[in-house]
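Notes follow the structure.
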Amino acid sequence: MRIVFMGTPTFAIPSLEALLENGHEVLAVFTQTDKPKGRGNKIAFSPVKEYAIAHDILVYQPNSLKKETDTYLPILKELSPDMIVVAAYGKILPAEILKLPKYGCINVHGSLLPKYRGAAPIQWTVLNGDEFGGITTMQMAEGLDTGDMLLSESVAVKENETASELYDRLSYVGAELLIRTINGLVAGEIKPVKQNEAEASYAPMLTKDMCGIDFSLSANEVHHKILGLSDSPGACCYLDGKRLKVYRSELVSTEKTGSEPGTIIDEHDFTVSCGYGSVRFTEIQAEGSKRMNVSDYLRGRPVKKGTRLTSAQ
(Lines give C-alpha, C1' and ligand atoms only; values in the text may rest on other atoms or scores of the structure.)
Protein backbone atom coordinates (compact mmCIF):
# COMPACT_ATOMS: atom_id res chain seq x y z
CA MET A 1 0.00 0.00 0.00
CA ARG A 2 1.13 3.55 -0.79
CA ILE A 3 1.27 5.44 2.51
CA VAL A 4 2.11 8.94 3.73
CA PHE A 5 3.21 8.84 7.36
CA MET A 6 2.73 11.71 9.82
CA GLY A 7 4.45 11.59 13.20
CA THR A 8 6.99 13.37 15.37
CA PRO A 9 8.29 11.74 18.62
CA THR A 10 9.83 8.36 19.40
CA PHE A 11 6.33 6.91 19.96
CA ALA A 12 5.76 7.08 16.19
CA ILE A 13 8.95 5.29 15.09
CA PRO A 14 7.84 1.66 15.71
CA SER A 15 4.75 2.31 13.57
CA LEU A 16 6.82 3.79 10.74
CA GLU A 17 9.27 0.92 11.03
CA ALA A 18 6.44 -1.64 10.94
CA LEU A 19 5.10 -0.15 7.71
CA LEU A 20 8.46 -0.60 6.02
CA GLU A 21 9.01 -4.08 7.42
CA ASN A 22 5.60 -5.19 6.16
CA GLY A 23 6.28 -4.11 2.61
CA HIS A 24 4.29 -0.89 2.46
CA GLU A 25 5.59 1.96 0.32
CA VAL A 26 6.13 5.01 2.52
CA LEU A 27 5.95 7.85 0.02
CA ALA A 28 6.84 10.64 2.44
CA VAL A 29 6.97 11.61 6.09
CA PHE A 30 5.36 14.71 7.56
CA THR A 31 6.78 15.80 10.90
CA GLN A 32 6.98 18.91 13.05
CA THR A 33 9.47 21.66 12.29
CA ASP A 34 12.98 21.57 13.76
CA LYS A 35 13.18 23.10 17.23
CA PRO A 36 15.90 24.27 19.63
CA LYS A 37 16.73 21.70 22.27
CA GLY A 38 18.92 21.38 25.36
CA ARG A 39 20.95 23.93 27.25
CA GLY A 40 22.66 25.18 24.12
CA ASN A 41 19.35 25.61 22.26
CA LYS A 42 20.79 23.81 19.26
CA ILE A 43 18.32 23.12 16.48
CA ALA A 44 17.29 19.45 16.60
CA PHE A 45 15.39 17.20 14.20
CA SER A 46 12.39 15.27 15.44
CA PRO A 47 13.04 11.53 16.04
CA VAL A 48 10.80 10.71 13.08
CA LYS A 49 12.74 13.05 10.79
CA GLU A 50 16.01 11.44 11.85
CA TYR A 51 14.58 7.98 11.11
CA ALA A 52 13.19 9.09 7.74
CA ILE A 53 16.50 10.61 6.64
CA ALA A 54 18.34 7.43 7.64
CA HIS A 55 15.95 5.43 5.46
CA ASP A 56 15.94 7.84 2.49
CA ILE A 57 12.30 8.86 2.92
CA LEU A 58 11.13 12.25 1.68
CA VAL A 59 10.42 14.66 4.57
CA TYR A 60 7.98 17.59 4.76
CA GLN A 61 7.71 19.94 7.74
CA PRO A 62 4.76 22.34 7.47
CA ASN A 63 4.18 24.84 10.25
CA SER A 64 0.45 24.18 10.02
CA LEU A 65 -1.42 21.98 7.58
CA LYS A 66 -4.61 23.94 8.23
CA LYS A 67 -2.98 27.27 7.37
CA GLU A 68 -0.87 25.84 4.55
CA THR A 69 -3.45 23.58 2.88
CA ASP A 70 -2.97 25.38 -0.43
CA THR A 71 0.71 24.42 -0.34
CA TYR A 72 0.53 20.85 0.90
CA LEU A 73 -2.75 19.55 -0.55
CA PRO A 74 -1.30 19.63 -4.09
CA ILE A 75 1.79 17.79 -2.81
CA LEU A 76 -0.36 15.11 -1.21
CA LYS A 77 -2.49 14.80 -4.33
CA GLU A 78 0.67 14.33 -6.37
CA LEU A 79 1.90 11.65 -3.95
CA SER A 80 -1.53 9.97 -4.26
CA PRO A 81 -1.41 7.84 -1.09
CA ASP A 82 -3.87 5.00 -0.51
CA MET A 83 -3.74 5.87 3.20
CA ILE A 84 -2.32 8.49 5.53
CA VAL A 85 -1.09 7.06 8.84
CA VAL A 86 -0.81 9.43 11.81
CA ALA A 87 1.00 8.62 15.07
CA ALA A 88 1.59 11.46 17.54
CA TYR A 89 2.02 14.03 14.78
CA GLY A 90 0.90 16.95 16.93
CA LYS A 91 -0.88 18.92 14.21
CA ILE A 92 -4.49 19.09 13.02
CA LEU A 93 -5.39 17.76 9.57
CA PRO A 94 -7.95 19.81 7.60
CA ALA A 95 -11.00 18.18 6.00
CA GLU A 96 -9.50 18.39 2.49
CA ILE A 97 -6.63 16.13 3.54
CA LEU A 98 -8.78 13.78 5.63
CA LYS A 99 -10.91 13.01 2.57
CA LEU A 100 -7.99 12.52 0.20
CA PRO A 101 -6.79 8.87 0.59
CA LYS A 102 -8.83 5.86 -0.54
CA TYR A 103 -8.61 4.21 2.88
CA GLY A 104 -8.72 7.48 4.81
CA CYS A 105 -6.44 8.78 7.53
CA ILE A 106 -5.71 6.27 10.29
CA ASN A 107 -4.53 7.44 13.71
CA VAL A 108 -2.61 5.38 16.27
CA HIS A 109 -3.74 6.81 19.62
CA GLY A 110 -2.28 6.00 23.04
CA SER A 111 -5.47 5.28 24.97
CA LEU A 112 -8.64 3.21 24.99
CA LEU A 113 -10.89 5.75 23.34
CA PRO A 114 -13.06 7.62 24.06
CA LYS A 115 -11.05 7.90 27.28
CA TYR A 116 -8.13 10.35 27.18
CA ARG A 117 -8.53 12.20 23.94
CA GLY A 118 -5.79 14.78 23.45
CA ALA A 119 -2.05 15.29 23.65
CA ALA A 120 -0.95 13.22 26.66
CA PRO A 121 -3.13 10.10 27.03
CA ILE A 122 -0.36 7.82 28.27
CA GLN A 123 0.88 10.27 30.89
CA TRP A 124 -2.64 10.78 32.25
CA THR A 125 -3.17 7.03 32.39
CA VAL A 126 -0.30 6.86 34.89
CA LEU A 127 -1.10 10.15 36.65
CA ASN A 128 -4.58 8.88 37.44
CA GLY A 129 -3.32 5.51 38.63
CA ASP A 130 -5.28 3.53 36.04
CA GLU A 131 -4.94 -0.23 36.10
CA PHE A 132 -5.02 -0.43 32.30
CA GLY A 133 -3.89 1.70 29.37
CA GLY A 134 -3.98 0.85 25.72
CA ILE A 135 -3.98 1.73 22.04
CA THR A 136 -6.84 2.55 19.69
CA THR A 137 -6.62 2.86 15.94
CA MET A 138 -9.28 5.13 14.48
CA GLN A 139 -10.48 6.68 11.27
CA MET A 140 -9.63 10.36 11.71
CA ALA A 141 -12.32 13.04 11.71
CA GLU A 142 -12.20 16.83 12.08
CA GLY A 143 -12.69 16.78 15.87
CA LEU A 144 -9.94 16.06 18.40
CA ASP A 145 -9.61 12.25 18.46
CA THR A 146 -13.33 11.88 17.77
CA GLY A 147 -13.18 9.57 14.74
CA ASP A 148 -14.69 6.11 14.49
CA MET A 149 -12.69 3.40 16.26
CA LEU A 150 -11.22 0.52 14.29
CA LEU A 151 -9.24 -1.73 16.66
CA SER A 152 -8.10 -1.42 20.27
CA GLU A 153 -5.84 -3.32 22.63
CA SER A 154 -5.76 -3.05 26.41
CA VAL A 155 -2.44 -3.22 28.28
CA ALA A 156 -2.02 -3.62 32.05
CA VAL A 157 0.06 -0.90 33.70
CA LYS A 158 2.90 -2.48 35.67
CA GLU A 159 3.57 -1.71 39.32
CA ASN A 160 5.77 1.38 39.66
CA GLU A 161 5.86 1.83 35.87
CA THR A 162 6.62 5.38 34.80
CA ALA A 163 4.78 7.17 32.02
CA SER A 164 7.90 7.11 29.86
CA GLU A 165 8.19 3.33 30.26
CA LEU A 166 4.52 2.78 29.40
CA TYR A 167 4.94 5.20 26.47
CA ASP A 168 7.73 3.03 25.07
CA ARG A 169 5.78 -0.21 25.56
CA LEU A 170 2.64 1.16 23.95
CA SER A 171 4.56 2.44 20.94
CA TYR A 172 5.24 -1.19 19.96
CA VAL A 173 1.69 -2.26 20.74
CA GLY A 174 0.55 0.56 18.47
CA ALA A 175 2.81 -0.60 15.64
CA GLU A 176 1.45 -4.14 15.79
CA LEU A 177 -2.15 -2.89 15.98
CA LEU A 178 -1.55 -0.56 13.02
CA ILE A 179 -0.55 -3.47 10.77
CA ARG A 180 -3.57 -5.50 11.91
CA THR A 181 -5.75 -2.47 11.19
CA ILE A 182 -4.39 -1.98 7.67
CA ASN A 183 -4.76 -5.67 6.85
CA GLY A 184 -8.30 -5.71 8.23
CA LEU A 185 -9.37 -2.62 6.30
CA VAL A 186 -7.98 -3.94 3.03
CA ALA A 187 -9.74 -7.28 3.60
CA GLY A 188 -12.99 -5.53 4.53
CA GLU A 189 -13.00 -7.26 7.92
CA ILE A 190 -13.13 -4.18 10.17
CA LYS A 191 -16.34 -2.30 10.88
CA PRO A 192 -15.75 1.20 12.30
CA VAL A 193 -17.43 1.86 15.65
CA LYS A 194 -18.58 5.31 16.74
CA GLN A 195 -17.26 6.62 20.05
CA ASN A 196 -19.61 7.09 22.98
CA GLU A 197 -19.44 10.83 23.64
CA ALA A 198 -20.83 10.36 27.16
CA GLU A 199 -17.69 8.40 28.09
CA ALA A 200 -15.19 10.83 26.55
CA SER A 201 -12.46 12.46 28.64
CA TYR A 202 -9.59 14.79 27.79
CA ALA A 203 -5.84 14.37 28.39
CA PRO A 204 -4.26 17.84 28.04
CA MET A 205 -0.58 18.47 27.48
CA LEU A 206 1.58 18.39 30.61
CA THR A 207 2.98 21.72 31.77
CA LYS A 208 5.77 22.78 34.11
CA ASP A 209 3.32 24.31 36.58
CA MET A 210 2.15 20.76 37.35
CA CYS A 211 5.57 19.68 38.64
CA GLY A 212 5.41 20.69 42.31
CA ILE A 213 4.58 17.78 44.63
CA ASP A 214 1.74 18.53 47.04
CA PHE A 215 2.48 16.24 49.98
CA SER A 216 -0.93 16.96 51.55
CA LEU A 217 -2.37 14.61 48.91
CA SER A 218 -2.60 10.89 49.59
CA ALA A 219 0.51 8.77 49.14
CA ASN A 220 -1.18 7.05 46.21
CA GLU A 221 -1.78 10.39 44.46
CA VAL A 222 1.78 11.60 45.15
CA HIS A 223 3.23 8.31 43.91
CA HIS A 224 1.32 8.38 40.64
CA LYS A 225 2.14 12.04 40.08
CA ILE A 226 5.84 11.20 40.30
CA LEU A 227 5.45 8.27 37.90
CA GLY A 228 3.16 10.18 35.54
CA LEU A 229 5.48 13.18 35.13
CA SER A 230 8.61 11.05 34.67
CA ASP A 231 10.74 11.69 32.57
CA SER A 232 9.23 14.99 31.46
CA PRO A 233 8.44 17.54 32.76
CA GLY A 234 9.39 15.78 36.03
CA ALA A 235 7.83 16.05 39.50
CA CYS A 236 9.81 18.12 41.98
CA CYS A 237 9.96 19.38 45.55
CA TYR A 238 12.41 21.46 47.58
CA LEU A 239 14.89 20.26 50.18
CA ASP A 240 16.54 23.05 52.21
CA GLY A 241 15.47 25.52 49.53
CA LYS A 242 17.07 23.53 46.68
CA ARG A 243 15.04 21.88 43.95
CA LEU A 244 14.88 18.09 44.01
CA LYS A 245 13.46 16.36 40.93
CA VAL A 246 11.85 13.00 41.65
CA TYR A 247 11.69 10.48 38.81
CA ARG A 248 10.68 7.32 40.63
CA SER A 249 9.02 6.30 43.85
CA GLU A 250 7.38 3.39 45.62
CA LEU A 251 4.19 3.35 47.66
CA VAL A 252 5.11 2.47 51.27
CA SER A 253 1.82 2.89 53.16
CA THR A 254 -1.67 4.30 52.74
CA GLU A 255 -2.21 4.75 56.51
CA LYS A 256 -1.72 8.00 58.46
CA THR A 257 1.91 8.34 59.56
CA GLY A 258 1.46 10.79 62.43
CA SER A 259 3.92 13.19 60.79
CA GLU A 260 3.23 16.39 58.87
CA PRO A 261 2.97 15.95 55.08
CA GLY A 262 6.37 16.34 53.41
CA THR A 263 8.33 15.15 56.45
CA ILE A 264 11.17 12.68 55.91
CA ILE A 265 10.26 9.81 58.27
CA ASP A 266 13.02 7.40 57.29
CA GLU A 267 16.37 8.96 56.41
CA HIS A 268 17.86 5.60 55.40
CA ASP A 269 15.68 5.14 52.30
CA PHE A 270 14.13 8.63 51.83
CA THR A 271 10.58 7.79 52.91
CA VAL A 272 8.32 10.86 53.03
CA SER A 273 5.01 11.37 54.82
CA CYS A 274 1.96 12.37 52.79
CA GLY A 275 -1.61 13.40 53.66
CA TYR A 276 -2.47 9.73 54.01
CA GLY A 277 0.40 7.27 53.91
CA SER A 278 3.97 7.60 52.72
CA VAL A 279 6.13 7.19 49.63
CA ARG A 280 9.74 6.21 49.18
CA PHE A 281 11.81 8.11 46.62
CA THR A 282 13.96 5.75 44.53
CA GLU A 283 15.41 7.96 41.76
CA ILE A 284 16.08 11.67 42.09
CA GLN A 285 18.12 14.58 40.78
CA ALA A 286 19.39 17.29 43.10
CA GLU A 287 19.83 20.83 41.83
CA GLY A 288 23.17 21.11 40.05
CA SER A 289 23.69 17.34 40.06
CA LYS A 290 22.92 14.37 37.83
CA ARG A 291 20.04 11.92 37.98
CA MET A 292 20.78 8.98 40.28
CA ASN A 293 19.40 6.23 42.49
CA VAL A 294 18.50 7.37 45.99
CA SER A 295 20.98 4.93 47.55
CA ASP A 296 23.81 6.65 45.67
CA TYR A 297 22.51 10.08 46.60
CA LEU A 298 22.28 9.28 50.32
CA ARG A 299 25.87 8.03 50.43
CA GLY A 300 27.07 11.49 49.46
CA ARG A 301 24.29 13.66 50.87
CA PRO A 302 22.60 12.11 53.92
CA VAL A 303 19.24 13.57 54.94
CA LYS A 304 17.88 14.02 58.46
CA LYS A 305 14.72 12.44 59.79
CA GLY A 306 12.16 15.15 60.47
CA THR A 307 13.28 17.42 57.63
CA ARG A 308 10.31 18.96 55.78
CA LEU A 309 10.14 18.97 52.00
CA THR A 310 8.07 21.68 50.33
CA SER A 311 6.31 21.91 46.98
CA ALA A 312 7.79 25.36 46.29
CA GLN A 313 10.72 27.48 47.48
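How things are named: the first chain in the C-alpha coordinates is A, the next is B, and so on; residues count from 1 in each chain; ligands count from 1 in the order shown.
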
Original post:
Quick one: DSSP strand (DSSP E or B) residues in range 16-199 of chain A, as number ranges by chain?
Top reply: A: 25-30, 35-37, 42-44, 59-60, 83-87, 105-109, 117, 132-139, 149-156, 193

Original post:
Using the chain letters and numbers from this document, which residues of range 155-305 of chain A does DSSP assign to helix (DSSP H, G or I), as a ChimeraX atom specification?
Top reply: /A:163-186,197-199,208-210,219-229,294-300

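One distance worth recording is that between CA of Ile226 in chain A and CA of Gly258 in chain A, which is 22.6 Å.
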
Subject >> Pick from A:Met1, A:Val222, A:Val252, A:Val85, whichever lies nearest to Gly129 in chain A using only C-alpha atoms >> reply: A:Val222

Subject >> Residue neighbourhood Tyr238 in chain A, 9 Å, only C-alpha atoms, exclusion window fewer than 3 positions, as a list in words >> reply: Gly212, Gly241, Lys242, Arg243, Leu244, Lys245, Arg308, Leu309, Thr310, Ser311, Ala312 and Gln313 of chain A

Written file, previous selection with N, CA, C and O atoms, as a PDB file, in the first residue's frame:
ATOM      1  N   GLY A 212       5.260  20.663  40.866  1.00  0.00           N
ATOM      2  CA  GLY A 212       5.410  20.689  42.314  1.00  0.00           C
ATOM      3  C   GLY A 212       4.613  19.596  43.004  1.00  0.00           C
ATOM      4  O   GLY A 212       3.435  19.383  42.705  1.00  0.00           O
ATOM      5  N   GLY A 241      15.522  24.425  50.500  1.00  0.00           N
ATOM      6  CA  GLY A 241      15.469  25.516  49.526  1.00  0.00           C
ATOM      7  C   GLY A 241      16.024  25.181  48.153  1.00  0.00           C
ATOM      8  O   GLY A 241      16.000  26.024  47.261  1.00  0.00           O
ATOM      9  N   LYS A 242      16.509  23.959  47.965  1.00  0.00           N
ATOM     10  CA  LYS A 242      17.067  23.529  46.680  1.00  0.00           C
ATOM     11  C   LYS A 242      16.115  22.560  45.991  1.00  0.00           C
ATOM     12  O   LYS A 242      15.559  21.670  46.642  1.00  0.00           O
ATOM     13  N   ARG A 243      15.963  22.732  44.699  1.00  0.00           N
ATOM     14  CA  ARG A 243      15.039  21.879  43.954  1.00  0.00           C
ATOM     15  C   ARG A 243      15.533  20.431  43.907  1.00  0.00           C
ATOM     16  O   ARG A 243      16.718  20.167  43.695  1.00  0.00           O
ATOM     17  N   LEU A 244      14.596  19.515  44.091  1.00  0.00           N
ATOM     18  CA  LEU A 244      14.880  18.087  44.009  1.00  0.00           C
ATOM     19  C   LEU A 244      13.878  17.472  43.047  1.00  0.00           C
ATOM     20  O   LEU A 244      12.678  17.429  43.332  1.00  0.00           O
ATOM     21  N   LYS A 245      14.345  17.021  41.879  1.00  0.00           N
ATOM     22  CA  LYS A 245      13.459  16.355  40.932  1.00  0.00           C
ATOM     23  C   LYS A 245      13.330  14.892  41.328  1.00  0.00           C
ATOM     24  O   LYS A 245      14.319  14.247  41.693  1.00  0.00           O
ATOM     25  N   ARG A 308      11.519  18.752  56.560  1.00  0.00           N
ATOM     26  CA  ARG A 308      10.308  18.956  55.780  1.00  0.00           C
ATOM     27  C   ARG A 308      10.662  19.321  54.337  1.00  0.00           C
ATOM     28  O   ARG A 308      11.473  20.222  54.094  1.00  0.00           O
ATOM     29  N   LEU A 309      10.061  18.627  53.415  1.00  0.00           N
ATOM     30  CA  LEU A 309      10.142  18.970  51.999  1.00  0.00           C
ATOM     31  C   LEU A 309       8.959  19.868  51.664  1.00  0.00           C
ATOM     32  O   LEU A 309       7.870  19.717  52.222  1.00  0.00           O
ATOM     33  N   THR A 310       9.140  20.780  50.732  1.00  0.00           N
ATOM     34  CA  THR A 310       8.068  21.678  50.326  1.00  0.00           C
ATOM     35  C   THR A 310       7.826  21.555  48.826  1.00  0.00           C
ATOM     36  O   THR A 310       8.702  21.112  48.075  1.00  0.00           O
ATOM     37  N   SER A 311       6.644  21.983  48.399  1.00  0.00           N
ATOM     38  CA  SER A 311       6.309  21.913  46.979  1.00  0.00           C
ATOM     39  C   SER A 311       6.842  23.101  46.206  1.00  0.00           C
ATOM     40  O   SER A 311       6.912  23.095  44.990  1.00  0.00           O
ATOM     41  N   ALA A 312       7.212  24.156  46.926  1.00  0.00           N
ATOM     42  CA  ALA A 312       7.788  25.359  46.290  1.00  0.00           C
ATOM     43  C   ALA A 312       8.838  25.954  47.225  1.00  0.00           C
ATOM     44  O   ALA A 312       8.896  25.626  48.407  1.00  0.00           O
ATOM     45  N   GLN A 313       9.664  26.835  46.669  1.00  0.00           N
ATOM     46  CA  GLN A 313      10.717  27.480  47.482  1.00  0.00           C
ATOM     47  C   GLN A 313      10.126  28.410  48.514  1.00  0.00           C
ATOM     48  O   GLN A 313       9.109  29.033  48.306  1.00  0.00           O
TER      49      GLN A 313
END

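Considering only C-alpha atoms, the residue among A:Gly90, A:Pro62, A:Gly300, A:Pro36 positioned nearest to Ala119 in chain A is A:Gly90.
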
Subject >> Within 10 Å of range 7-19 of chain A using only C-alpha atoms, minus same-chain residues under 5 positions, as an MDAnalysis selection string >> reply: chainID A and resid 1 24:26 29:33 45:52 55 85:91 107:108 110 167:179 182

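Among the candidate residues A:Leu227, A:Cys274, A:Ala156, A:Ile284, the one lying nearest to Val246 in chain A is A:Ile284, with distances computed using only C-alpha atoms.
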
**OP:** List the neighbours of Ser232 in chain A out to 12 Å using only C-alpha atoms; skip same-chain residues closer than 5 positions along the sequence, and give me the result as a PyMOL selection string.
**Re:** chain A and resi 120+123+162-165+167+205-208+210-211+225-227+245-247

Subject >> d(CA of Met138 in chain A, CA of Lys115 in chain A) in Å >> reply: 13.2 Å

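As for CA of Ala219 in chain A and CA of Lys290 in chain A, they are spaced 25.7 Å apart.
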
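Of the listed residues A:Val59, A:Ile135, A:Cys105, A:Val279, the one whose atoms come nearest to Met83 in chain A is A:Cys105, with distances taken using only C-alpha atoms.
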
Subject >> Pick from A:Val272, A:Gly234, A:Pro94, A:Asp82 nearest to Lys67 in chain A, counting only C-alpha atoms >> reply: A:Pro94

Env of Ile97 in chain A: 10 Å cut, atoms = only C-alpha atoms, seq-sep filter 2 positions within chain, self excluded. Answer as a tab-separated table (two decimals) with N, CA, C and O atoms, in the first residue's frame.
chain	number	residue	atom	x	y	z
A	65	LEU	N	-0.73	22.47	8.77
A	65	LEU	CA	-1.42	21.98	7.58
A	65	LEU	C	-2.73	22.72	7.33
A	65	LEU	O	-3.15	22.89	6.19
A	66	LYS	N	-3.36	23.20	8.40
A	66	LYS	CA	-4.61	23.94	8.23
A	66	LYS	C	-4.36	25.28	7.54
A	66	LYS	O	-5.12	25.69	6.67
A	69	THR	N	-2.78	24.59	3.70
A	69	THR	CA	-3.45	23.58	2.88
A	69	THR	C	-3.18	23.81	1.39
A	69	THR	O	-2.96	22.86	0.63
A	72	TYR	N	0.27	22.27	0.70
A	72	TYR	CA	0.53	20.85	0.90
A	72	TYR	C	-0.54	19.91	0.33
A	72	TYR	O	-0.25	18.73	0.09
A	73	LEU	N	-1.75	20.40	0.09
A	73	LEU	CA	-2.75	19.55	-0.55
A	73	LEU	C	-2.32	19.14	-1.96
A	73	LEU	O	-2.45	17.95	-2.31
A	74	PRO	N	-1.80	20.06	-2.78
A	74	PRO	CA	-1.30	19.63	-4.09
A	74	PRO	C	-0.17	18.60	-3.99
A	74	PRO	O	-0.08	17.69	-4.82
A	76	LEU	N	0.24	16.38	-1.58
A	76	LEU	CA	-0.36	15.11	-1.21
A	76	LEU	C	-1.13	14.49	-2.37
A	76	LEU	O	-1.11	13.26	-2.55
A	77	LYS	N	-1.79	15.32	-3.15
A	77	LYS	CA	-2.49	14.80	-4.33
A	77	LYS	C	-1.51	14.20	-5.32
A	77	LYS	O	-1.77	13.16	-5.94
A	84	ILE	N	-3.22	7.67	4.72
A	84	ILE	CA	-2.32	8.49	5.53
A	84	ILE	C	-2.37	7.92	6.95
A	84	ILE	O	-3.45	7.73	7.52
A	93	LEU	N	-5.24	17.96	11.01
A	93	LEU	CA	-5.39	17.76	9.57
A	93	LEU	C	-6.72	18.35	9.11
A	93	LEU	O	-7.78	18.03	9.67
A	94	PRO	N	-6.70	19.22	8.10
A	94	PRO	CA	-7.95	19.81	7.60
A	94	PRO	C	-8.78	18.78	6.83
A	94	PRO	O	-8.27	17.73	6.40
A	95	ALA	N	-10.05	19.10	6.64
A	95	ALA	CA	-11.00	18.18	6.00
A	95	ALA	C	-10.54	17.76	4.60
A	95	ALA	O	-10.72	16.60	4.20
A	99	LYS	N	-10.10	13.68	3.60
A	99	LYS	CA	-10.91	13.01	2.57
A	99	LYS	C	-10.09	12.49	1.40
A	99	LYS	O	-10.62	11.81	0.51
A	100	LEU	N	-8.81	12.80	1.38
A	100	LEU	CA	-7.99	12.52	0.20
A	100	LEU	C	-7.71	11.03	-0.07
A	100	LEU	O	-7.96	10.54	-1.17
A	101	PRO	N	-7.19	10.25	0.90
A	101	PRO	CA	-6.79	8.87	0.59
A	101	PRO	C	-7.98	7.91	0.46
A	101	PRO	O	-9.02	8.09	1.10
A	104	GLY	N	-8.61	6.48	3.77
A	104	GLY	CA	-8.72	7.48	4.81
A	104	GLY	C	-7.43	7.74	5.57
A	104	GLY	O	-6.34	7.28	5.17
A	105	CYS	N	-7.57	8.46	6.65
A	105	CYS	CA	-6.44	8.78	7.53
A	105	CYS	C	-6.61	8.00	8.82
A	105	CYS	O	-7.60	8.18	9.54
